[in-house]
Amino acid sequence: MRDTIIQLVYLASSVLFILGLRSLTKADSARRGMQQAALGMLFAIIATLAQQEIVRYDWIAAGLIIGTIIGIPLGVMVPMTAMPQRIAISHMFGALAATLVGVAEYWLHSTDIGHARMGALGFEVLFGSLTVTGSFMAFGKLQEIITGRPVTYRGQNAVNLTLFAVTIGMFVYLIVEPASPIVFYTMMGLAFLIGIFMVLPIGGADMPVVISLLNSYAGLASSATGFAIGNNVLIIAGALDGASGFILSIIMSKAMNRSFNNILFGAFGTVQAASTKSAAGLSVRAISAEDAAIQLAYAKLVIVVPGYGMAVAQAQHVVRELAELIEKHGGEVKYAIHPVAGRMPGHMNVLLAEADVPYDRLYDMDEINPEFDRADVALVIGANDVVNPAARTDPGSPIYGMPILNADRAQSVIVLKRSMNPGFAGIENELFYNEKTSMLFGDAKSSLSKLVSEVKTV
Amino acid sequence: MTTTSVIQLYVFVLAAFVGYLVITRVPPLLHTPLMSATNAISAISLVGSLVAAGSNRGTVSTVLGFVAVTAATINVVGGFIITDRMLGMFKRGETRKGAAEPSQAPPTKAERSAL
């Protein structure tokens with residue numbers, strides 16, 4: 001009887017989770033929907049504590065308390081600029097939980113486990129382990145503890161593929177012969193290595209895809225845990241997480257016009273000897289804050305193109321200030337958000353939302369691209385590849401074919417940039433040399449502040 | 001394969017379909033809260049860790065379970081809090097032409113950081 005009630009509570013939780021995710025389709029209903037999902041989580045936890053198998057609560061209480069103490073600041077205090085890192089860390093914790101449960105299960109049941117369950121268990125520990133180290137590496141790269149440049153060495157792909165093949169081989173072996181602890185723990189060790197080696201050669205600009213993929217893997221590991229311990233709500237939640245991460249990675253890689261293969265194994269970002277158009281003989285036009293301010297104040301439509309540089313400079317609040325001033329002068333301000341701007345999906349959106357920019361001013365690439373033609377000014381802040389016309393015109397360019405924002409179609413383009421150093425991709429941006437473009441050099445935040453004070457005087 | 005395993009497979013496949021249908025409708029605007037939300041939800045693996053930590057089946061299981069409980073709880077608590085925080089930031093604007101409210105927040109900070 002008790003078991004039935006617990007299972008029914010799990011069912012209710014599953015429904016609340018699905019409804020919670022569905023509420024994310026509309027910004028207005030989203031918050032309440034997710035709060036309901038949180039309630040579902042609470043019910044599931046309480047129901048589990050009532051399970052017959054649980055006889056001692058001391059370690060549970062300790063874990064819950066410590067987890068809450070660590071979790072609260074991670075939820076309340078992390079600024080939006082650090083969201084990619086925080087998401088990477090949470091993938092790590094999620095995968096860690098799945099892996100450890102798998103190890104505990106194996107420790108207790110390696111001798112009497114069936115082949116199907118062993119398959120689930122092996123999958124859980126394999127994907128869990130590689131996601132733990134992979135996410136930690138991603139965190140390191142985002143936090144810039146590890147270099148953001150791709151780290152490559154000769155024969156790297158061969159090493160990675162061999163490692164992967166051996167690990168899969170061990171996995172298959174375990175399904176056939178579950179009672180092989182040495183193979184199990186070695187497989188886990190190798191999986192940890194795979195996580196490290198896979199993320200090592202990936203450059204900072206490709207992080208949106210990697211983070212989405214790790215999201216997916218953490219979910220799949222959780223789902224496999226559900227198969228292994230016979231818990232349906234885990235299977236469902238893991239499947240939702242896995243599907244979500246996977247869909248996001250596909251969206252991200254389409255937006256970069258590169259296949260998974262290329263991103264994971266292609267070590268983009270190394271300086272390529274391909275046909276990078278030389279900048280010799282071309283000059284850029286620099287502009288002062290005063291003149292830029294005049295353009296902005298008299299513009300009827302300004303489209304802001306934010307990029308990772310804006311996040312780095314923590315300039316989002318000043319952007320909003322500037323936008324409000326432009327609106328006071330009777331102009332309209334729209335924000336063009338490229339899908340891979342920033343270091344994770346939706347990065348720019350939360351940064352601007354944190355700065356109190358109303359979300360109906362934020363537009364996706366497909367919505368905003370037609371509007372550039374009638375824009376008086378395109379204000380490019382710390383964005384580079386997403387507005388590089390070479391993606392349309394230069395077949396030799398590494399970013400050729402990538403959908404971009406049509407900033408070059410605006411009447412005038414003002415680019416905020418620290419210096420003329422090439423961005424992460426290491427390629428020249430033709431937009432900068434366009435005759436409609438002027439460069440406002442300097443740190444984004446201070447340039448914007450100057451613009452704010454200048455526009456006030458216009 | 002046992003019937004249980006097959007049923008579990010049904011559950012997985014159906015959930016994956018539902019996931020696909022729901023998530024492809026989430027606008028790019030909300031992709032970040034989507035990631036933190038799915039993370040928080042998949043921390044339901046807490047449920048498995050609770051059993052490992054509390055069923056008294058030996059030190060290894062209990063200790064591993066304890067660490068797993070801690071990690072999963074961090075994700076549950078942190079994940080739902082940050083998702084809620086992010087979702088609270090998304091506000092609609094009124095279409096105002098000309099009469100914007102004067103911005104108060106960081107003019108002094110801006111002046112301080114202007115070189």
# chains A, B, ... in the order shown; residues from 1 in each chain; ligands from 1

$ select_by_dssp --residues "stretch 2-101 of chain B" --states "alpha helix (DSSP H)" --output "PDB file with N, CA and C atoms, in the first residue's frame"
ATOM      1  N   THR B   3       9.642  -7.925 -18.612  1.00  0.00           N
ATOM      2  CA  THR B   3       8.575  -6.978 -18.951  1.00  0.00           C
ATOM      3  C   THR B   3       8.845  -5.617 -18.338  1.00  0.00           C
ATOM      4  N   THR B   4       9.425  -5.633 -17.112  1.00  0.00           N
ATOM      5  CA  THR B   4       9.713  -4.343 -16.481  1.00  0.00           C
ATOM      6  C   THR B   4      10.623  -3.515 -17.368  1.00  0.00           C
ATOM      7  N   SER B   5      11.676  -4.178 -17.873  1.00  0.00           N
ATOM      8  CA  SER B   5      12.608  -3.415 -18.708  1.00  0.00           C
ATOM      9  C   SER B   5      11.903  -2.861 -19.930  1.00  0.00           C
ATOM     10  N   VAL B   6      11.014  -3.642 -20.520  1.00  0.00           N
ATOM     11  CA  VAL B   6      10.328  -3.152 -21.708  1.00  0.00           C
ATOM     12  C   VAL B   6       9.447  -1.954 -21.367  1.00  0.00           C
ATOM     13  N   ILE B   7       8.743  -2.082 -20.229  1.00  0.00           N
ATOM     14  CA  ILE B   7       7.892  -0.954 -19.822  1.00  0.00           C
ATOM     15  C   ILE B   7       8.737   0.277 -19.575  1.00  0.00           C
ATOM     16  N   GLN B   8       9.896   0.076 -18.938  1.00  0.00           N
ATOM     17  CA  GLN B   8      10.782   1.225 -18.714  1.00  0.00           C
ATOM     18  C   GLN B   8      11.187   1.849 -20.040  1.00  0.00           C
ATOM     19  N   LEU B   9      11.386   1.005 -21.033  1.00  0.00           N
ATOM     20  CA  LEU B   9      11.738   1.519 -22.345  1.00  0.00           C
ATOM     21  C   LEU B   9      10.606   2.356 -22.926  1.00  0.00           C
ATOM     22  N   TYR B  10       9.367   1.865 -22.753  1.00  0.00           N
ATOM     23  CA  TYR B  10       8.203   2.653 -23.176  1.00  0.00           C
ATOM     24  C   TYR B  10       8.239   4.032 -22.519  1.00  0.00           C
ATOM     25  N   VAL B  11       8.450   4.014 -21.200  1.00  0.00           N
ATOM     26  CA  VAL B  11       8.452   5.278 -20.447  1.00  0.00           C
ATOM     27  C   VAL B  11       9.495   6.222 -21.025  1.00  0.00           C
ATOM     28  N   PHE B  12      10.687   5.665 -21.270  1.00  0.00           N
ATOM     29  CA  PHE B  12      11.757   6.510 -21.780  1.00  0.00           C
ATOM     30  C   PHE B  12      11.396   7.102 -23.136  1.00  0.00           C
ATOM     31  N   VAL B  13      10.932   6.237 -24.029  1.00  0.00           N
ATOM     32  CA  VAL B  13      10.630   6.709 -25.376  1.00  0.00           C
ATOM     33  C   VAL B  13       9.529   7.769 -25.358  1.00  0.00           C
ATOM     34  N   LEU B  14       8.462   7.495 -24.584  1.00  0.00           N
ATOM     35  CA  LEU B  14       7.382   8.468 -24.508  1.00  0.00           C
ATOM     36  C   LEU B  14       7.866   9.784 -23.919  1.00  0.00           C
ATOM     37  N   ALA B  15       8.672   9.682 -22.857  1.00  0.00           N
ATOM     38  CA  ALA B  15       9.175  10.902 -22.224  1.00  0.00           C
ATOM     39  C   ALA B  15      10.055  11.681 -23.192  1.00  0.00           C
ATOM     40  N   ALA B  16      10.873  10.956 -23.965  1.00  0.00           N
ATOM     41  CA  ALA B  16      11.738  11.645 -24.916  1.00  0.00           C
ATOM     42  C   ALA B  16      10.902  12.373 -25.963  1.00  0.00           C
ATOM     43  N   PHE B  17       9.820  11.737 -26.450  1.00  0.00           N
ATOM     44  CA  PHE B  17       8.929  12.389 -27.401  1.00  0.00           C
ATOM     45  C   PHE B  17       8.327  13.650 -26.804  1.00  0.00           C
ATOM     46  N   VAL B  18       7.774  13.495 -25.577  1.00  0.00           N
ATOM     47  CA  VAL B  18       7.167  14.657 -24.920  1.00  0.00           C
ATOM     48  C   VAL B  18       8.208  15.761 -24.779  1.00  0.00           C
ATOM     49  N   GLY B  19       9.405  15.347 -24.351  1.00  0.00           N
ATOM     50  CA  GLY B  19      10.480  16.324 -24.190  1.00  0.00           C
ATOM     51  C   GLY B  19      10.723  17.060 -25.489  1.00  0.00           C
ATOM     52  N   TYR B  20      10.840  16.325 -26.567  1.00  0.00           N
ATOM     53  CA  TYR B  20      11.093  16.958 -27.859  1.00  0.00           C
ATOM     54  C   TYR B  20       9.996  17.952 -28.214  1.00  0.00           C
ATOM     55  N   LEU B  21       8.741  17.524 -28.074  1.00  0.00           N
ATOM     56  CA  LEU B  21       7.633  18.394 -28.463  1.00  0.00           C
ATOM     57  C   LEU B  21       7.564  19.658 -27.609  1.00  0.00           C
ATOM     58  N   VAL B  22       7.804  19.498 -26.321  1.00  0.00           N
ATOM     59  CA  VAL B  22       7.711  20.656 -25.431  1.00  0.00           C
ATOM     60  C   VAL B  22       8.885  21.603 -25.654  1.00  0.00           C
ATOM     61  N   ILE B  23      10.076  21.031 -25.715  1.00  0.00           N
ATOM     62  CA  ILE B  23      11.258  21.883 -25.694  1.00  0.00           C
ATOM     63  C   ILE B  23      11.485  22.623 -26.996  1.00  0.00           C
ATOM     64  N   HIS B  31      16.260  30.046 -23.299  1.00  0.00           N
ATOM     65  CA  HIS B  31      17.111  28.858 -23.345  1.00  0.00           C
ATOM     66  C   HIS B  31      17.944  28.674 -22.095  1.00  0.00           C
ATOM     67  N   THR B  32      18.406  29.782 -21.503  1.00  0.00           N
ATOM     68  CA  THR B  32      19.226  29.607 -20.299  1.00  0.00           C
ATOM     69  C   THR B  32      18.392  29.081 -19.134  1.00  0.00           C
ATOM     70  N   PRO B  33      17.234  29.684 -18.828  1.00  0.00           N
ATOM     71  CA  PRO B  33      16.412  29.097 -17.772  1.00  0.00           C
ATOM     72  C   PRO B  33      16.020  27.657 -18.114  1.00  0.00           C
ATOM     73  N   LEU B  34      15.881  27.331 -19.401  1.00  0.00           N
ATOM     74  CA  LEU B  34      15.569  25.956 -19.767  1.00  0.00           C
ATOM     75  C   LEU B  34      16.669  25.031 -19.304  1.00  0.00           C
ATOM     76  N   MET B  35      17.925  25.440 -19.515  1.00  0.00           N
ATOM     77  CA  MET B  35      19.034  24.587 -19.099  1.00  0.00           C
ATOM     78  C   MET B  35      19.066  24.416 -17.595  1.00  0.00           C
ATOM     79  N   SER B  36      18.866  25.515 -16.873  1.00  0.00           N
ATOM     80  CA  SER B  36      18.936  25.378 -15.419  1.00  0.00           C
ATOM     81  C   SER B  36      17.731  24.603 -14.903  1.00  0.00           C
ATOM     82  N   ALA B  37      16.584  24.741 -15.576  1.00  0.00           N
ATOM     83  CA  ALA B  37      15.396  24.010 -15.134  1.00  0.00           C
ATOM     84  C   ALA B  37      15.562  22.517 -15.362  1.00  0.00           C
ATOM     85  N   THR B  38      16.054  22.128 -16.552  1.00  0.00           N
ATOM     86  CA  THR B  38      16.207  20.699 -16.806  1.00  0.00           C
ATOM     87  C   THR B  38      17.259  20.100 -15.889  1.00  0.00           C
ATOM     88  N   ASN B  39      18.278  20.895 -15.561  1.00  0.00           N
ATOM     89  CA  ASN B  39      19.270  20.435 -14.590  1.00  0.00           C
ATOM     90  C   ASN B  39      18.649  20.167 -13.240  1.00  0.00           C
ATOM     91  N   ALA B  40      17.841  21.139 -12.801  1.00  0.00           N
ATOM     92  CA  ALA B  40      17.220  20.996 -11.486  1.00  0.00           C
ATOM     93  C   ALA B  40      16.303  19.781 -11.467  1.00  0.00           C
ATOM     94  N   ILE B  41      15.542  19.605 -12.537  1.00  0.00           N
ATOM     95  CA  ILE B  41      14.612  18.486 -12.585  1.00  0.00           C
ATOM     96  C   ILE B  41      15.344  17.154 -12.601  1.00  0.00           C
ATOM     97  N   SER B  42      16.444  17.078 -13.339  1.00  0.00           N
ATOM     98  CA  SER B  42      17.133  15.788 -13.390  1.00  0.00           C
ATOM     99  C   SER B  42      17.846  15.504 -12.085  1.00  0.00           C
ATOM    100  N   LEU B  46      18.326  12.578  -6.795  1.00  0.00           N
ATOM    101  CA  LEU B  46      18.390  12.649  -5.326  1.00  0.00           C
ATOM    102  C   LEU B  46      17.637  11.476  -4.723  1.00  0.00           C
ATOM    103  N   VAL B  47      16.545  11.131  -5.370  1.00  0.00           N
ATOM    104  CA  VAL B  47      15.699  10.065  -4.868  1.00  0.00           C
ATOM    105  C   VAL B  47      16.463   8.750  -4.781  1.00  0.00           C
ATOM    106  N   GLY B  48      17.283   8.473  -5.817  1.00  0.00           N
ATOM    107  CA  GLY B  48      18.096   7.259  -5.786  1.00  0.00           C
ATOM    108  C   GLY B  48      19.169   7.336  -4.710  1.00  0.00           C
ATOM    109  N   SER B  49      19.751   8.536  -4.568  1.00  0.00           N
ATOM    110  CA  SER B  49      20.818   8.688  -3.586  1.00  0.00           C
ATOM    111  C   SER B  49      20.286   8.542  -2.171  1.00  0.00           C
ATOM    112  N   LEU B  50      19.046   8.982  -1.943  1.00  0.00           N
ATOM    113  CA  LEU B  50      18.467   8.868  -0.604  1.00  0.00           C
ATOM    114  C   LEU B  50      18.409   7.410  -0.182  1.00  0.00           C
ATOM    115  N   VAL B  51      18.005   6.576  -1.128  1.00  0.00           N
ATOM    116  CA  VAL B  51      17.929   5.155  -0.794  1.00  0.00           C
ATOM    117  C   VAL B  51      19.315   4.603  -0.525  1.00  0.00           C
ATOM    118  N   ALA B  52      20.285   4.992  -1.345  1.00  0.00           N
ATOM    119  CA  ALA B  52      21.647   4.490  -1.132  1.00  0.00           C
ATOM    120  C   ALA B  52      22.184   4.919   0.221  1.00  0.00           C
ATOM    121  N   ALA B  53      21.893   6.161   0.611  1.00  0.00           N
ATOM    122  CA  ALA B  53      22.470   6.684   1.859  1.00  0.00           C
ATOM    123  C   ALA B  53      21.721   6.218   3.090  1.00  0.00           C
ATOM    124  N   GLY B  54      20.484   5.784   2.903  1.00  0.00           N
ATOM    125  CA  GLY B  54      19.679   5.540   4.092  1.00  0.00           C
ATOM    126  C   GLY B  54      19.269   4.097   4.310  1.00  0.00           C
ATOM    127  N   THR B  59      29.081   0.483   4.600  1.00  0.00           N
ATOM    128  CA  THR B  59      29.700   1.810   4.626  1.00  0.00           C
ATOM    129  C   THR B  59      29.830   2.404   3.246  1.00  0.00           C
ATOM    130  N   VAL B  60      30.277   1.573   2.280  1.00  0.00           N
ATOM    131  CA  VAL B  60      30.511   2.123   0.939  1.00  0.00           C
ATOM    132  C   VAL B  60      29.246   2.764   0.393  1.00  0.00           C
ATOM    133  N   SER B  61      28.157   1.994   0.458  1.00  0.00           N
ATOM    134  CA  SER B  61      26.895   2.504  -0.071  1.00  0.00           C
ATOM    135  C   SER B  61      26.476   3.771   0.657  1.00  0.00           C
ATOM    136  N   THR B  62      26.639   3.768   1.978  1.00  0.00           N
ATOM    137  CA  THR B  62      26.190   4.920   2.748  1.00  0.00           C
ATOM    138  C   THR B  62      27.016   6.162   2.426  1.00  0.00           C
ATOM    139  N   VAL B  63      28.335   5.993   2.361  1.00  0.00           N
ATOM    140  CA  VAL B  63      29.173   7.166   2.097  1.00  0.00           C
ATOM    141  C   VAL B  63      28.953   7.702   0.690  1.00  0.00           C
ATOM    142  N   LEU B  64      28.953   6.779  -0.286  1.00  0.00           N
ATOM    143  CA  LEU B  64      28.701   7.221  -1.656  1.00  0.00           C
ATOM    144  C   LEU B  64      27.335   7.887  -1.759  1.00  0.00           C
ATOM    145  N   GLY B  65      26.367   7.276  -1.068  1.00  0.00           N
ATOM    146  CA  GLY B  65      25.031   7.839  -1.076  1.00  0.00           C
ATOM    147  C   GLY B  65      25.018   9.236  -0.483  1.00  0.00           C
ATOM    148  N   PHE B  66      25.778   9.427   0.585  1.00  0.00           N
ATOM    149  CA  PHE B  66      25.835  10.737   1.237  1.00  0.00           C
ATOM    150  C   PHE B  66      26.366  11.795   0.280  1.00  0.00           C
ATOM    151  N   VAL B  67      27.476  11.451  -0.396  1.00  0.00           N
ATOM    152  CA  VAL B  67      28.039  12.431  -1.338  1.00  0.00           C
ATOM    153  C   VAL B  67      27.050  12.705  -2.469  1.00  0.00           C
ATOM    154  N   ALA B  68      26.392  11.621  -2.933  1.00  0.00           N
ATOM    155  CA  ALA B  68      25.423  11.791  -4.011  1.00  0.00           C
ATOM    156  C   ALA B  68      24.249  12.657  -3.553  1.00  0.00           C
ATOM    157  N   VAL B  69      23.788  12.439  -2.319  1.00  0.00           N
ATOM    158  CA  VAL B  69      22.693  13.263  -1.785  1.00  0.00           C
ATOM    159  C   VAL B  69      23.111  14.726  -1.774  1.00  0.00           C
ATOM    160  N   THR B  70      24.325  14.963  -1.288  1.00  0.00           N
ATOM    161  CA  THR B  70      24.805  16.343  -1.226  1.00  0.00           C
ATOM    162  C   THR B  70      24.837  16.969  -2.614  1.00  0.00           C
ATOM    163  N   ALA B  71      25.458  16.250  -3.568  1.00  0.00           N
ATOM    164  CA  ALA B  71      25.565  16.813  -4.920  1.00  0.00           C
ATOM    165  C   ALA B  71      24.187  17.061  -5.515  1.00  0.00           C
ATOM    166  N   ALA B  72      23.283  16.091  -5.380  1.00  0.00           N
ATOM    167  CA  ALA B  72      21.958  16.253  -5.961  1.00  0.00           C
ATOM    168  C   ALA B  72      21.188  17.380  -5.284  1.00  0.00           C
ATOM    169  N   THR B  73      21.341  17.501  -3.972  1.00  0.00           N
ATOM    170  CA  THR B  73      20.629  18.574  -3.272  1.00  0.00           C
ATOM    171  C   THR B  73      21.125  19.941  -3.732  1.00  0.00           C
ATOM    172  N   ILE B  74      22.453  20.052  -3.937  1.00  0.00           N
ATOM    173  CA  ILE B  74      22.982  21.320  -4.440  1.00  0.00           C
ATOM    174  C   ILE B  74      22.265  21.689  -5.734  1.00  0.00           C
ATOM    175  N   ASN B  75      22.107  20.691  -6.610  1.00  0.00           N
ATOM    176  CA  ASN B  75      21.451  20.971  -7.880  1.00  0.00           C
ATOM    177  C   ASN B  75      19.979  21.291  -7.717  1.00  0.00           C
ATOM    178  N   VAL B  76      19.305  20.582  -6.823  1.00  0.00           N
ATOM    179  CA  VAL B  76      17.881  20.836  -6.628  1.00  0.00           C
ATOM    180  C   VAL B  76      17.669  22.249  -6.099  1.00  0.00           C
ATOM    181  N   VAL B  77      18.322  22.513  -4.959  1.00  0.00           N
ATOM    182  CA  VAL B  77      18.112  23.816  -4.315  1.00  0.00           C
ATOM    183  C   VAL B  77      18.621  24.946  -5.205  1.00  0.00           C
ATOM    184  N   GLY B  78      19.904  24.833  -5.588  1.00  0.00           N
ATOM    185  CA  GLY B  78      20.495  25.890  -6.418  1.00  0.00           C
ATOM    186  C   GLY B  78      19.774  26.033  -7.740  1.00  0.00           C
ATOM    187  N   GLY B  79      19.445  24.898  -8.351  1.00  0.00           N
ATOM    188  CA  GLY B  79      18.840  24.930  -9.669  1.00  0.00           C
ATOM    189  C   GLY B  79      17.483  25.600  -9.684  1.00  0.00           C
ATOM    190  N   PHE B  80      16.620  25.225  -8.755  1.00  0.00           N
ATOM    191  CA  PHE B  80      15.294  25.853  -8.748  1.00  0.00           C
ATOM    192  C   PHE B  80      15.382  27.328  -8.358  1.00  0.00           C
ATOM    193  N   ILE B  81      16.281  27.635  -7.427  1.00  0.00           N
ATOM    194  CA  ILE B  81      16.408  29.045  -7.027  1.00  0.00           C
ATOM    195  C   ILE B  81      16.862  29.895  -8.200  1.00  0.00           C
ATOM    196  N   ILE B  82      17.910  29.412  -8.920  1.00  0.00           N
ATOM    197  CA  ILE B  82      18.410  30.276  -9.972  1.00  0.00           C
ATOM    198  C   ILE B  82      17.444  30.351 -11.144  1.00  0.00           C
ATOM    199  N   THR B  83      16.710  29.265 -11.403  1.00  0.00           N
ATOM    200  CA  THR B  83      15.725  29.319 -12.476  1.00  0.00           C
ATOM    201  C   THR B  83      14.666  30.346 -12.125  1.00  0.00           C
ATOM    202  N   ASP B  84      14.205  30.294 -10.876  1.00  0.00           N
ATOM    203  CA  ASP B  84      13.187  31.243 -10.451  1.00  0.00           C
ATOM    204  C   ASP B  84      13.715  32.669 -10.559  1.00  0.00           C
ATOM    205  N   ARG B  85      14.957  32.862 -10.127  1.00  0.00           N
ATOM    206  CA  ARG B  85      15.557  34.205 -10.167  1.00  0.00           C
ATOM    207  C   ARG B  85      15.625  34.722 -11.591  1.00  0.00           C
ATOM    208  N   MET B  86      16.069  33.865 -12.500  1.00  0.00           N
ATOM    209  CA  MET B  86      16.176  34.286 -13.897  1.00  0.00           C
ATOM    210  C   MET B  86      14.812  34.608 -14.464  1.00  0.00           C
ATOM    211  N   LEU B  87      13.850  33.735 -14.214  1.00  0.00           N
ATOM    212  CA  LEU B  87      12.531  33.962 -14.794  1.00  0.00           C
ATOM    213  C   LEU B  87      11.913  35.241 -14.250  1.00  0.00           C
ATOM    214  N   GLY B  88      12.272  35.594 -13.023  1.00  0.00           N
ATOM    215  CA  GLY B  88      11.750  36.836 -12.464  1.00  0.00           C
ATOM    216  C   GLY B  88      12.324  38.064 -13.143  1.00  0.00           C
ATOM    217  N   MET B  89      13.433  37.886 -13.868  1.00  0.00           N
ATOM    218  CA  MET B  89      14.050  39.055 -14.502  1.00  0.00           C
ATOM    219  C   MET B  89      13.376  39.431 -15.809  1.00  0.00           C
TER     220      MET B  89
END

$ residues_around --residues "A:Glu371" --least-positions-apart "6" --cutoff "10 Å" --atoms "only C-alpha atoms" --output "PyMOL selection string"
chain A and resi 301+303+334+336+406-407+409-410

$ write_last_selection --atoms "C-alpha atoms" --output "mmCIF file, in the first residue's frame"
data_model
loop_
_atom_site.group_PDB
_atom_site.id
_atom_site.type_symbol
_atom_site.label_atom_id
_atom_site.label_comp_id
_atom_site.auth_asym_id
_atom_site.auth_seq_id
_atom_site.Cartn_x
_atom_site.Cartn_y
_atom_site.Cartn_z
ATOM 1 C CA LEU A 301 15.858 52.892 -35.107
ATOM 2 C CA ILE A 303 19.667 47.887 -33.360
ATOM 3 C CA LYS A 334 15.898 46.751 -30.574
ATOM 4 C CA ALA A 336 19.550 41.471 -32.089
ATOM 5 C CA ASN A 406 22.895 41.643 -41.109
ATOM 6 C CA ALA A 407 24.553 44.491 -39.279
ATOM 7 C CA ARG A 409 22.827 46.442 -43.970
ATOM 8 C CA ALA A 410 22.182 49.238 -41.510
#

$ interface_residues --of "chain A" --to "chain B" --cutoff "6 Å" --atoms "only C-alpha atoms" --output "PyMOL selection string"
chain A and resi 22+24-25+31+53-57+59+63-64+67-68+71-72+74-75+90+93-94+97+100-101+104+235-241+243+327-330+345-346+349+353-354+358-360+446+449

$ select_by_dssp --residues "stretch 190-349 of chain A" --states "strand (DSSP E or B)" --output "list in words"
Phe268, Thr270, Ala286, Leu301, Val302, Ile303, Val304, Val305, Pro306, Glu332, Val333, Lys334, Tyr335, Ala336 and Ile337 of chain A
